Each structure stands twice: as C-alpha cells, then as structure tokens.
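Next up, coords_14.txt (compact mmCIF, C-alpha atoms):
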```txt
# COMPACT_ATOMS: atom_id res chain seq x y z
CA MET A 4 2.36 0.01 6.06
CA ARG A 5 -1.95 -5.46 4.51
CA GLN A 6 -4.02 -6.22 1.44
CA PHE A 7 -6.58 -7.53 -1.07
CA VAL A 8 -8.48 -7.91 -4.40
CA THR A 9 -11.01 -6.14 -6.49
CA PHE A 10 -12.80 -7.25 -9.61
CA CYS A 11 -13.54 -5.68 -12.91
CA THR A 12 -15.18 -7.04 -16.13
CA ALA A 13 -15.30 -4.92 -19.19
CA GLY A 14 -17.41 -3.70 -16.46
CA LEU A 15 -15.37 -5.73 -14.01
CA ALA A 16 -12.51 -3.34 -14.66
CA ALA A 17 -12.63 -1.83 -11.19
CA GLY A 18 -13.92 -4.87 -9.43
CA LEU A 19 -10.74 -6.03 -7.76
CA THR A 20 -10.19 -2.36 -6.93
CA MET A 21 -10.91 -2.07 -3.27
CA LEU A 22 -9.08 -5.16 -1.98
CA LEU A 23 -6.75 -4.19 0.87
CA PHE A 24 -3.26 -3.19 -0.35
CA SER A 25 -1.79 0.30 -0.17
CA VAL A 26 0.66 1.87 2.23
CA GLY A 27 0.03 3.87 5.37
CA CYS A 28 -0.32 3.25 9.06
CA GLY A 29 -3.05 2.18 11.38
CA GLY A 30 -6.81 2.21 11.28
CA ALA A 31 -9.45 4.84 10.67
CA LYS A 32 -11.26 7.29 12.90
CA PRO A 33 -13.19 6.08 15.93
CA PRO A 34 -16.90 5.77 15.01
CA ALA A 35 -17.92 8.40 17.53
CA GLU A 36 -15.66 11.03 16.00
CA PRO A 37 -17.39 13.06 13.23
CA VAL A 38 -15.29 13.54 10.11
CA LYS A 39 -14.42 17.02 8.99
CA LYS A 40 -12.72 18.15 5.83
CA PRO A 41 -9.12 19.27 6.44
CA THR A 42 -8.56 22.99 6.17
CA ALA A 43 -5.59 25.30 6.47
CA GLN A 44 -6.45 25.70 10.16
CA GLN A 45 -7.26 22.02 10.72
CA PRO A 46 -4.49 19.52 9.91
CA ALA A 47 -5.16 16.55 7.63
CA LYS A 48 -6.00 13.24 9.23
CA SER A 49 -3.82 10.18 9.56
CA GLU A 50 -4.88 6.70 8.52
CA THR A 51 -6.83 6.50 11.77
CA GLY A 52 -8.71 9.62 10.83
CA LYS A 53 -7.27 11.64 13.72
CA PRO A 54 -5.44 14.93 13.16
CA GLU A 55 -1.81 15.00 12.11
CA GLU A 56 0.55 17.65 10.90
CA THR A 57 1.77 16.06 7.73
CA LYS A 58 1.02 18.23 4.74
CA LYS A 59 -1.81 16.96 2.53
CA PRO A 60 -1.14 16.13 -1.12
CA ASP A 61 -0.92 18.91 -3.66
CA GLU A 62 -4.50 19.80 -4.48
CA GLN A 63 -3.48 20.39 -8.08
CA ARG A 64 -2.67 16.71 -8.58
CA ALA A 65 -5.00 15.32 -11.22
CA GLU A 66 -7.51 12.73 -10.07
CA LYS A 67 -7.47 9.37 -11.82
CA PRO A 68 -10.42 8.87 -14.18
CA GLU A 69 -12.91 6.37 -12.86
CA GLN A 70 -13.10 4.49 -16.14
CA PRO A 71 -9.61 4.40 -17.64
CA THR A 72 -9.10 3.23 -21.19
CA LYS A 73 -8.03 -0.39 -21.30
CA PRO A 74 -4.39 -0.60 -22.40
CA PRO A 75 -3.38 -2.95 -25.20
CA ALA A 76 -2.92 -6.46 -23.88
CA GLU A 77 0.71 -7.11 -23.18
CA VAL A 78 0.34 -10.45 -21.44
CA PRO A 79 0.44 -13.48 -23.74
CA GLN A 80 -2.02 -16.25 -23.03
CA GLU A 81 0.82 -18.70 -23.54
CA PRO A 82 4.46 -17.96 -22.78
CA PRO A 83 7.11 -18.27 -25.47
CA GLU A 84 8.35 -21.77 -26.15
CA SER A 85 11.90 -20.92 -25.05
CA SER A 86 10.79 -21.33 -21.45
CA ALA A 87 14.12 -22.42 -20.05
CA GLN A 88 15.76 -19.03 -20.46
CA LEU A 89 14.85 -16.08 -18.22
CA PRO A 90 15.54 -12.56 -19.50
CA PRO A 91 18.01 -10.40 -17.60
CA LYS A 92 16.59 -8.11 -14.95
CA VAL A 93 16.04 -4.49 -15.89
CA PRO A 94 18.51 -2.21 -14.10
CA PRO A 95 16.99 0.55 -11.96
CA THR A 96 17.09 4.17 -12.99
CA GLU A 97 19.49 6.39 -11.08
CA PRO A 98 18.92 9.98 -10.04
CA ALA A 99 21.88 12.31 -10.24
CA GLY A 100 24.65 11.21 -7.92
CA GLN A 101 23.06 7.83 -7.15
CA SER A 102 25.40 4.91 -7.69
CA ASP A 103 24.06 1.51 -8.65
CA SER A 104 25.54 -0.07 -5.52
CA GLU A 105 23.42 2.20 -3.31
CA LEU A 106 20.10 1.19 -4.90
CA PRO A 107 18.02 -1.76 -3.71
CA LYS A 108 18.07 -4.85 -5.91
CA ILE A 109 15.02 -4.92 -8.19
CA PRO A 110 13.36 -8.37 -8.23
CA LEU A 111 12.25 -10.04 -11.44
CA GLY A 112 9.02 -8.53 -12.74
CA LEU A 113 9.26 -5.07 -11.13
CA PRO A 114 9.98 -1.83 -13.01
CA PRO A 115 12.91 0.51 -12.27
CA LEU A 116 12.62 2.25 -8.91
CA ASN A 117 12.36 6.03 -8.91
CA ILE A 118 14.47 7.44 -6.08
CA PRO A 119 13.78 11.10 -5.16
CA LYS A 120 16.75 13.29 -6.00
CA ASP A 121 16.54 14.98 -2.60
CA ASN A 122 16.67 11.64 -0.78
CA PRO A 123 19.29 9.39 -2.41
CA MET A 124 19.79 5.89 -1.06
CA THR A 125 22.85 5.06 1.04
CA ALA A 126 23.53 2.01 3.19
CA GLU A 127 23.93 4.22 6.27
CA LYS A 128 20.61 6.00 5.65
CA VAL A 129 18.77 2.73 5.13
CA GLU A 130 20.25 1.36 8.36
CA LEU A 131 19.19 4.49 10.24
CA GLY A 132 15.70 4.20 8.78
CA LYS A 133 15.53 0.57 9.82
CA MET A 134 16.32 1.51 13.43
CA LEU A 135 13.70 4.25 13.46
CA TYR A 136 11.13 1.92 11.86
CA PHE A 137 11.51 -0.59 14.68
CA ASP A 138 11.97 1.89 17.53
CA PRO A 139 8.91 2.19 19.85
CA ARG A 140 10.45 5.32 21.37
CA LEU A 141 8.98 7.22 18.45
CA SER A 142 5.61 6.77 20.20
CA LYS A 143 4.53 8.78 23.21
CA ASP A 144 4.54 5.88 25.68
CA GLY A 145 7.31 3.82 24.07
CA THR A 146 5.03 0.93 23.11
CA VAL A 147 4.30 1.33 19.37
CA SER A 148 6.65 1.41 16.38
CA CYS A 149 6.07 1.38 12.63
CA ALA A 150 6.73 -2.37 12.77
CA THR A 151 3.86 -2.85 15.23
CA CYS A 152 1.28 -2.45 12.47
CA HIS A 153 3.58 -3.21 9.52
CA ASP A 154 5.27 -6.37 10.73
CA PRO A 155 7.90 -7.88 8.40
CA LYS A 156 6.90 -11.33 9.64
CA LYS A 157 3.29 -10.69 8.59
CA ALA A 158 4.15 -9.62 5.03
CA TRP A 159 4.85 -6.09 6.34
CA ALA A 160 1.22 -5.65 7.35
CA GLU A 161 -0.96 -6.87 10.22
CA ASP A 162 -3.42 -9.69 10.81
CA LYS A 163 -5.99 -7.54 12.63
CA PRO A 164 -8.98 -5.93 10.90
CA THR A 165 -7.97 -2.47 12.13
CA SER A 166 -4.86 -1.09 13.77
CA GLU A 167 -4.22 -0.73 17.48
CA GLY A 168 -2.22 2.21 18.81
CA ILE A 169 -1.04 3.48 22.19
CA GLY A 170 -3.30 2.74 25.13
CA SER A 171 -4.95 -0.09 23.17
CA GLN A 172 -6.88 2.47 21.13
CA ARG A 173 -8.42 1.05 17.97
CA GLY A 174 -8.65 2.90 14.67
CA GLY A 175 -11.09 2.31 11.83
CA ARG A 176 -8.74 1.33 8.99
CA ASN A 177 -6.55 -1.65 8.31
CA ALA A 178 -2.80 -1.08 7.98
CA PRO A 179 -1.81 -1.98 4.42
CA THR A 180 1.49 -3.60 3.58
CA VAL A 181 4.72 -1.66 3.11
CA ILE A 182 5.71 -4.07 0.32
CA ASN A 183 6.18 -2.23 -2.99
CA ALA A 184 4.89 1.01 -1.44
CA ALA A 185 7.87 2.66 -3.10
CA TYR A 186 6.01 2.50 -6.42
CA ALA A 187 2.72 4.00 -5.25
CA GLU A 188 1.65 7.34 -6.73
CA SER A 189 0.10 8.35 -3.42
CA GLN A 190 0.08 6.98 0.12
CA PHE A 191 -2.68 6.02 2.58
CA TRP A 192 -6.07 4.61 1.62
CA ASP A 193 -7.34 8.10 0.77
CA GLY A 194 -4.17 9.19 -1.05
CA ARG A 195 -3.58 12.26 1.11
CA ALA A 196 0.22 11.92 1.11
CA ALA A 197 2.12 12.12 -2.16
CA THR A 198 5.31 10.35 -1.07
CA LEU A 199 6.72 7.94 1.47
CA GLU A 200 8.49 10.90 3.07
CA GLU A 201 5.18 12.72 3.58
CA GLN A 202 3.55 9.58 4.91
CA ALA A 203 6.23 8.68 7.44
CA LEU A 204 5.52 11.33 10.07
CA GLY A 205 1.72 11.22 10.19
CA PRO A 206 1.27 8.15 12.40
CA ILE A 207 3.77 9.52 14.94
CA GLU A 208 1.50 12.44 15.85
CA ASN A 209 -1.80 10.62 15.40
CA PRO A 210 -3.45 10.55 18.86
CA ILE A 211 -4.62 6.94 18.59
CA GLU A 212 -1.58 5.55 16.77
CA MET A 213 1.77 6.68 18.19
CA GLY A 214 0.43 9.83 19.85
CA HIS A 215 3.70 11.79 20.04
CA LYS A 216 4.30 15.44 19.13
CA LEU A 217 7.08 15.71 16.59
CA GLU A 218 8.97 18.29 18.63
CA ALA A 219 8.84 16.06 21.70
CA MET A 220 9.86 13.02 19.68
CA ILE A 221 12.88 14.87 18.25
CA ALA A 222 13.83 16.01 21.75
CA ASP A 223 13.65 12.42 23.01
CA LEU A 224 15.78 11.07 20.16
CA SER A 225 18.29 13.89 20.64
CA LYS A 226 19.10 12.52 24.08
CA ILE A 227 20.39 9.31 22.49
CA ASP A 228 24.08 9.49 21.56
CA GLY A 229 23.85 6.82 18.86
CA TYR A 230 21.10 8.62 16.97
CA ARG A 231 22.89 11.97 17.17
CA GLU A 232 26.02 10.40 15.71
CA MET A 233 24.13 8.65 12.92
CA PHE A 234 22.23 11.78 11.89
CA LYS A 235 25.52 13.68 11.72
CA LYS A 236 26.99 10.96 9.54
CA VAL A 237 23.98 10.53 7.23
CA PHE A 238 22.64 14.08 6.96
CA GLY A 239 25.36 16.27 8.46
CA THR A 240 22.79 17.78 10.82
CA GLU A 241 21.29 17.39 14.25
CA ILE A 242 18.21 15.16 14.50
CA THR A 243 15.31 16.67 12.52
CA LYS A 244 11.83 15.53 11.60
CA GLU A 245 12.79 15.83 7.93
CA GLY A 246 15.70 13.48 8.52
CA VAL A 247 13.49 11.01 10.35
CA ALA A 248 11.04 10.98 7.43
CA LYS A 249 13.77 10.56 4.81
CA ALA A 250 15.51 7.76 6.67
CA ILE A 251 12.31 5.76 7.22
CA ALA A 252 11.29 6.28 3.58
CA ALA A 253 14.71 5.10 2.37
CA PHE A 254 14.38 1.92 4.41
CA GLU A 255 10.84 1.29 3.16
CA ARG A 256 12.05 1.56 -0.46
CA THR A 257 14.06 -1.61 0.09
CA VAL A 258 10.90 -3.61 0.84
CA LEU A 259 10.14 -5.03 -2.61
CA SER A 260 8.40 -8.19 -3.79
CA GLY A 261 8.86 -9.84 -7.17
CA ASN A 262 10.09 -13.07 -8.74
CA SER A 263 6.66 -14.61 -8.22
CA PRO A 264 5.31 -17.58 -10.18
CA TYR A 265 3.51 -15.03 -12.36
CA ASP A 266 6.78 -13.22 -13.09
CA ARG A 267 8.57 -16.44 -13.94
CA TYR A 268 5.70 -17.51 -16.19
CA MET A 269 5.82 -14.19 -18.01
CA ALA A 270 9.58 -14.61 -18.36
CA GLY A 271 9.05 -17.88 -20.17
CA GLN A 272 8.88 -20.58 -17.50
CA LYS A 273 5.86 -22.41 -18.81
CA ASP A 274 5.29 -24.58 -15.75
CA ALA A 275 5.49 -21.71 -13.22
CA LEU A 276 1.68 -21.53 -13.05
CA THR A 277 -0.80 -24.31 -12.42
CA GLU A 278 -3.61 -24.92 -14.88
CA ALA A 279 -6.05 -23.20 -12.50
CA GLN A 280 -3.73 -20.19 -12.26
CA LYS A 281 -3.46 -20.00 -16.06
CA ARG A 282 -7.25 -19.94 -16.30
CA GLY A 283 -7.30 -17.27 -13.60
CA LEU A 284 -4.70 -15.23 -15.50
CA GLU A 285 -6.90 -15.31 -18.60
CA LEU A 286 -9.91 -14.15 -16.58
CA PHE A 287 -7.80 -11.45 -14.94
CA ASN A 288 -6.46 -10.16 -18.27
CA ASP A 289 -9.94 -10.03 -19.75
CA ASN A 290 -11.62 -8.34 -16.82
CA CYS A 291 -9.39 -6.87 -14.14
CA ARG A 292 -6.10 -5.53 -15.46
CA VAL A 293 -7.37 -2.02 -16.28
CA CYS A 294 -7.56 -1.15 -12.59
CA HIS A 295 -5.06 -3.72 -11.33
CA THR A 296 -2.53 -3.02 -14.03
CA PRO A 297 0.61 -5.18 -14.21
CA PRO A 298 3.40 -5.19 -13.29
CA LEU A 299 2.38 -3.53 -9.99
CA PHE A 300 -1.27 -4.58 -10.25
CA SER A 301 -2.73 -1.14 -9.49
CA ASN A 302 -3.47 1.98 -11.51
CA TRP A 303 -3.48 3.96 -8.20
CA GLY A 304 -6.90 5.48 -8.93
CA PHE A 305 -9.77 5.85 -6.43
CA PHE A 306 -13.05 3.92 -6.60
CA ASN A 307 -16.14 3.24 -4.52
CA ALA A 308 -16.95 -0.45 -4.11
CA GLY A 309 -19.41 0.13 -1.30
CA VAL A 310 -17.25 -1.53 1.34
CA GLY A 311 -18.38 -0.17 4.72
CA SER A 312 -21.16 1.92 3.18
CA ASP A 313 -23.74 0.10 5.31
CA LYS A 314 -22.12 1.20 8.59
CA PRO A 315 -23.85 3.85 10.76
CA GLU A 316 -21.03 6.33 10.01
CA PRO A 317 -19.37 5.25 6.77
CA ASP A 318 -15.73 6.17 6.18
CA LYS A 319 -15.67 9.08 3.71
CA GLY A 320 -12.42 7.92 2.14
CA ARG A 321 -11.07 10.15 -0.64
CA MET A 322 -13.69 12.80 0.16
CA GLU A 323 -11.65 13.61 3.29
CA VAL A 324 -8.91 14.91 0.99
CA THR A 325 -10.80 16.52 -1.89
CA GLY A 326 -13.98 17.67 -0.14
CA LYS A 327 -15.95 16.45 -3.17
CA GLN A 328 -19.18 14.58 -2.56
CA ALA A 329 -18.42 12.51 -5.67
CA ASP A 330 -15.42 11.06 -3.82
CA MET A 331 -17.49 9.77 -0.91
CA GLY A 332 -16.44 6.23 -0.06
CA LYS A 333 -13.69 6.04 -2.66
CA PHE A 334 -10.42 4.36 -1.75
CA ARG A 335 -7.16 3.85 -3.59
CA VAL A 336 -6.86 0.83 -5.85
CA PRO A 337 -4.68 -1.57 -3.90
CA HIS A 338 -1.83 -3.37 -5.59
CA LEU A 339 -2.19 -7.13 -5.45
CA ARG A 340 1.34 -8.46 -5.04
CA GLU A 341 1.53 -10.62 -1.89
CA VAL A 342 -2.23 -10.19 -1.48
CA ALA A 343 -2.61 -13.83 -0.48
CA ASN A 344 -0.42 -13.14 2.57
CA THR A 345 -2.01 -9.93 3.83
CA ALA A 346 -5.48 -10.83 5.11
CA PRO A 347 -7.80 -9.35 6.26
CA TYR A 348 -8.87 -7.23 3.28
CA PHE A 349 -10.32 -3.86 2.30
CA HIS A 350 -9.75 -0.55 4.06
CA ASP A 351 -11.73 -1.70 7.08
CA GLY A 352 -10.41 -5.26 7.23
CA SER A 353 -13.96 -6.56 6.81
CA ALA A 354 -13.11 -9.54 4.58
CA ALA A 355 -11.32 -12.24 6.54
CA THR A 356 -10.19 -14.33 3.57
CA LEU A 357 -9.13 -13.89 -0.04
CA GLU A 358 -12.10 -15.98 -1.14
CA GLU A 359 -14.48 -13.69 0.76
CA ALA A 360 -12.95 -10.57 -0.76
CA VAL A 361 -13.09 -11.96 -4.29
CA ALA A 362 -16.70 -13.02 -3.80
CA LEU A 363 -17.75 -9.56 -2.65
CA MET A 364 -16.19 -7.90 -5.68
CA ALA A 365 -17.46 -10.57 -8.07
CA ASP A 366 -20.95 -9.80 -6.78
CA GLY A 367 -20.49 -6.17 -7.77
CA GLY A 368 -19.65 -4.59 -4.42
CA LYS A 369 -22.27 -3.12 -2.10
CA ASP A 370 -25.01 -0.76 -3.25
CA ASN A 371 -24.61 2.90 -2.30
CA PRO A 372 -25.16 6.21 -4.14
CA ASN A 373 -21.50 6.44 -5.25
CA LEU A 374 -20.95 2.83 -6.30
CA ALA A 375 -18.57 2.70 -9.27
CA PRO A 376 -20.66 2.12 -12.44
CA MET A 377 -18.42 -0.69 -13.66
CA LEU A 378 -19.14 -2.70 -10.52
CA LYS A 379 -22.83 -2.71 -11.36
CA ALA A 380 -21.91 -4.52 -14.57
CA VAL A 381 -20.02 -7.13 -12.59
CA ARG A 382 -23.32 -8.51 -11.35
CA GLU A 383 -24.29 -9.21 -14.93
CA SER A 384 -21.03 -11.00 -15.73
CA LYS A 385 -22.17 -14.03 -13.74
CA LEU A 386 -18.74 -15.32 -12.82
CA THR A 387 -19.10 -18.95 -11.90
CA GLU A 388 -17.84 -20.55 -8.71
CA GLN A 389 -15.03 -22.11 -10.76
CA ASP A 390 -14.13 -18.68 -12.20
CA ARG A 391 -13.85 -17.27 -8.70
CA LYS A 392 -11.71 -20.16 -7.52
CA ASP A 393 -9.41 -19.76 -10.52
CA LEU A 394 -9.03 -16.04 -9.84
CA VAL A 395 -8.13 -16.75 -6.22
CA GLU A 396 -5.52 -19.25 -7.41
CA PHE A 397 -4.06 -16.70 -9.81
CA LEU A 398 -3.81 -14.10 -7.07
CA LYS A 399 -1.81 -16.60 -5.03
CA ALA A 400 0.66 -16.68 -7.93
CA LEU A 401 1.47 -13.01 -7.21
CA SER A 402 3.27 -14.03 -4.03
CA GLY A 403 7.00 -13.90 -4.60
CA GLU A 404 10.13 -13.02 -2.69
CA TYR A 405 10.39 -10.13 -0.25
CA PRO A 406 12.77 -9.33 2.62
CA ILE A 407 11.93 -10.47 6.14
CA VAL A 408 14.13 -8.65 8.63
CA ASP A 409 14.57 -8.83 12.37
CA ALA A 410 14.52 -5.79 14.61
CA PRO A 411 18.03 -4.28 14.76
CA LYS A 412 19.91 -3.43 17.91
CA LEU A 413 18.78 0.08 18.82
CA PRO A 414 21.10 2.85 20.06
```

Full structure transcribed into structure tokens:
Amino acid sequence: MRQFVTFCTAGLAAGLTMLLFSVGCGGAKPPAEPVKKPTAQQPAKSETGKPEETKKPDEQRAEKPEQPTKPPAEVPQEPPESSAQLPPKVPPTEPAGQSDSELPKIPLGLPPLNIPKDNPMTAEKVELGKMLYFDPRLSKDGTVSCATCHDPKKAWAEDKPTSEGIGSQRGGRNAPTVINAAYAESQFWDGRAATLEEQALGPIENPIEMGHKLEAMIADLSKIDGYREMFKKVFGTEITKEGVAKAIAAFERTVLSGNSPYDRYMAGQKDALTEAQKRGLELFNDNCRVCHTPPLFSNWGFFNAGVGSDKPEPDKGRMEVTGKQADMGKFRVPHLREVANTAPYFHDGSAATLEEAVALMADGGKDNPNLAPMLKAVRESKLTEQDRKDLVEFLKALSGEYPIVDAPKLP
C-alpha cells in the first residue's frame, strides 16, 4: 500500500498526474516476463505483474475522461478573516447498522468515509485486520507481510524504487501508500481492483510478492488457535479468504491523513501556510486541481505521462486491464496527501525526490505515442524555477496527521 506529483496547466491539468500515490502492493513484472492481457483462463496480474486470482474490476465501469471539465474554483485565494475559528468536522456517513463509535475518526479536511454495507467496521474486525496486515505467515516462506512494503513508519509505503518479495525477488512497480486508500475509486496503479477487499488478496498469491496459494494460506492460519477464535467472534465462521480480505480492508480504512497546514488554512487559519506555499497554492489551483482535485487531490482517472516509456519493455499500465492500445502506459492519478513523505515517485519509483518529480511533470512528461495531450501544453507554460519551488513547498503543506502503529502481538 508510496507517492508523488503530477502537473497540469490549463494544459497542465494532468501534469501532476503520474506522481506516485495510489494503493496496492509491490512492484511490477520482471523485465524478462512478457505482458499478456488477462483473460477468463488467465488470472489478472498483481502489482508486480505476476498472475493472481483476485477478480479484475468490472469491465462495465466507465473510464475517466482524459480531459475532465475544470470544476468551479472552490478554494479562496485568501482565507476568511475570522481565522481563529475552525469549523466543526463533518461527521462520516453510516451504512445501515453502522454506529458512529465503530467508524474511524475523520481528520479535518477529509470527506465522509463510505463503508461497504457488507463489511461494516467493528473494533474486533479492525484488530484482526491489523494482525493479518503485520503477519508474515501470510507469505509462503514466512518472511513478507503487507507491512513489509507498506510500512507505517515510512508513511505506509516504502523507500525503495520497487518492491521486494519472497526470495529477494524484485518487482517492477513501487508500492504506493495505504494512507487514504479508503477513498480511492479503484486500487493498484492500473486500477484493476475496484475495492480494498478485492485488492487485499492479490499480493498473497503473487509469485514474487508473498507467493502463497490462498488455500494453503488459509490452512496455515487455521492451525492457529487465536485466529480461529477471532474469526468465529468477528465473522461467525471458520477462517476464509473472504474474511481475511474484509479484515485487512477494515484495518486499512483507519489509515487516514488530514489536518494538514493546507486544511487548517482552508478552515481559516491564515498563518497555516508560508508565503511560498500560498504562491504554490495559487499555481496549483490555476493549473493542477482538475486532475489532483481537492480534498483528496486525485480525480482517480488514468493518464500517460511517459514515465518509463523509454525502457526496453515499457510497463503497459492500464492497458493490462482494458486491452485497449489507447491505454498503453496510462496509470492512475495519484492522490497527493503525504506526498512529501513517500519518495521515491511514479509507478516505477524512478524519481528520487519531490523536486525531481515536479520537474519532470513541469517539463511535460516524456514523449511517447500515448502522451496525454495536456502534458504537451505544459512545455509551453514555461513554469519558472521559482514556480516549481513554490509548488514543491505547497505539496509539503499536504502533509498532516496519520496513524503510526507498531506491529501487534500475533496469535
């Protein structure tokens, strides 16, 4: 479940698009492995690009338009004068049967959290999911857990360009952060999973991530008295793969980041941003917010910024899911909250710093046949060095408060 920035002008609208920040596990396929479109006989691929048995997203889901209409500006250039008073936090929505006490606390600046009706939040389920998230016994050799690549102490991401699985195998994609993944409209860089529940099981079976067959993993967990008791208490069943997915997803929905300097500024605290960050906010509102739409700073669409297109075997990205040539090299628009803490950036971890990622997007990405048209206009926007520095400073203002948890005692 680590991240980045992408720029857009009126043409820069998709620019900040491909910076590293969406949820999923591990890296991409090994370069020697040819990519094939998933079929009914061939399972979809995990974030590493290796086969997995998670079901791919509903093919009827509408694709995001590449050039969305810019929404009316909702961000004032100056906050209201009554800066001393912060508005009350918006209460989360509740599915049927979900009590307010069972929902995670929503930080300042975030919208209500949509909890699936078939997977309501309970303290016991979240605790079970936390144990499973940190448990390396979900992997074939007992060495890799979800937390290996999505480390709470590294902003729920990793500091490596691409993820490392069992046997020191290296994938081709960077593990994005789990933070605020609960709000994403799809999961993984290529959007092949619709929900956190669908996403949770894929890395377990991926040969170069956790490398474990689900049936074997369930059999291993079923030998552990503590897990059997907890599944009975939480789900009223024996240990099942569906229960594992729901518990992990419930835990991940508690990993939220808000109450950043940006949020406090928007709430009226006039001195929450520096002068450089205020200039960066103005640049961002003028050029980038269509794709990186507040308050989550993503519209969850898919764009080609040319990142990795110059490699011998470029990652096909969204094309792996849709089979459409037009989707070659497209990746999901990352959200930008905590982006300053989740280097390296882009789906392949190829930008080591925030400044490097911003510079690449400000230059209009990398040329390739499917480069998003709006990025070509970025080159004509001629953002100055000071503009780029101010944008970097603004992105730092999206770092707020998120939970940092220690590994629990495992059963």

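Between atom CA of A:Pro123 and atom CA of A:Ala185 there is a distance of 13.3 Å.
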
Practice item. Between A:Leu116, A:Ala196, A:Met134, A:Leu401, single out the one closest to A:Val324, counting all atoms listed in the file. Key: A:Ala196

**Study point:** Interatomic distance (Å, one decimal) between atom CA of A:Glu358 and atom CA of A:Ala343
**Key:** 9.8 Å

Check your understanding: So how far away is atom CA of A:Thr243 from atom CA of A:Asp138, in Å?
Key -> 16.0 Å

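Nearest residue to A:Asp351, choosing from A:Ala375, A:Leu224, A:Ala178, A:Ala253 and counting all atoms listed in the file: A:Ala178.
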
Check your understanding: Between A:Val237, A:Val258, A:Cys149, A:Ala354, which has the minimum distance to A:Lys163 (counting all atoms listed in the file)?
Key ->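 Smallest distance to A:Lys163 is found for A:Ala354.
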
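For the residues A:Arg176, A:His295, A:Lys216, A:His153, ranking by smallest atom-to-atom distance to A:Gly352 using all atoms listed in the file places A:Arg176 first.
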
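Using all atoms listed in the file, the smallest distance between any of A:Arg267, A:Lys156, A:Lys399, A:Lys281 and A:Leu111 comes from A:Arg267.
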
Check your understanding: When distances are computed from only C-alpha atoms, which of A:Pro414, A:Val395, A:Lys249, A:Pro107 shows the smallest separation from A:Leu286?
Key ->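 The answer is A:Val395, which sits nearest to A:Leu286.
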
Check your understanding: Using only C-alpha atoms, what residues lie at most 7 Å away from (-12.4, 1.5, 0.3) (file coordinates), given as a PyMOL selection string?
Key -> chain A and resi 21+307-308+310+320+332-335+349-350

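The point (14.2, -1.9, -5.9) has these residues within 8 Å of it when only C-alpha atoms are used: Pro95, Leu106, Pro107, Lys108, Ile109, Pro110, Leu113, Pro115, Leu116, Arg256, Thr257, Val258 and Leu259 of chain A.
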
Point to revise | 10 Å contact set for A:Asp223, only C-alpha atoms, chain neighbours under 3 positions out, as a ChimeraX atom specification | key: /A:140-141,143,217-220,226-227

Dump of C-alpha atoms for the selected residues, as a short mmCIF file (atom, residue, chain, number, x, y, z; two decimals), in the frame of the given file:
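Written output follows (result29.cif):
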```
data_model
loop_
_atom_site.label_atom_id
_atom_site.label_comp_id
_atom_site.auth_asym_id
_atom_site.auth_seq_id
_atom_site.Cartn_x
_atom_site.Cartn_y
_atom_site.Cartn_z
CA ARG A 140 10.45 5.32 21.37
CA LEU A 141 8.98 7.22 18.45
CA LYS A 143 4.53 8.78 23.21
CA LEU A 217 7.08 15.71 16.59
CA GLU A 218 8.97 18.29 18.63
CA ALA A 219 8.84 16.06 21.70
CA MET A 220 9.86 13.02 19.68
CA LYS A 226 19.10 12.52 24.08
CA ILE A 227 20.39 9.31 22.49
#
```

What are the centre and the three edge lengths of an axis-aligned box that wraps all atoms of stretch 218-229 of chain A in the file, given that 6 Å is added to every side, written as JSON and rounded to one decimal in Å?
```
{"center_x": 16.5, "center_y": 12.6, "center_z": 21.2, "size_x": 27.2, "size_y": 23.5, "size_z": 17.8}
```
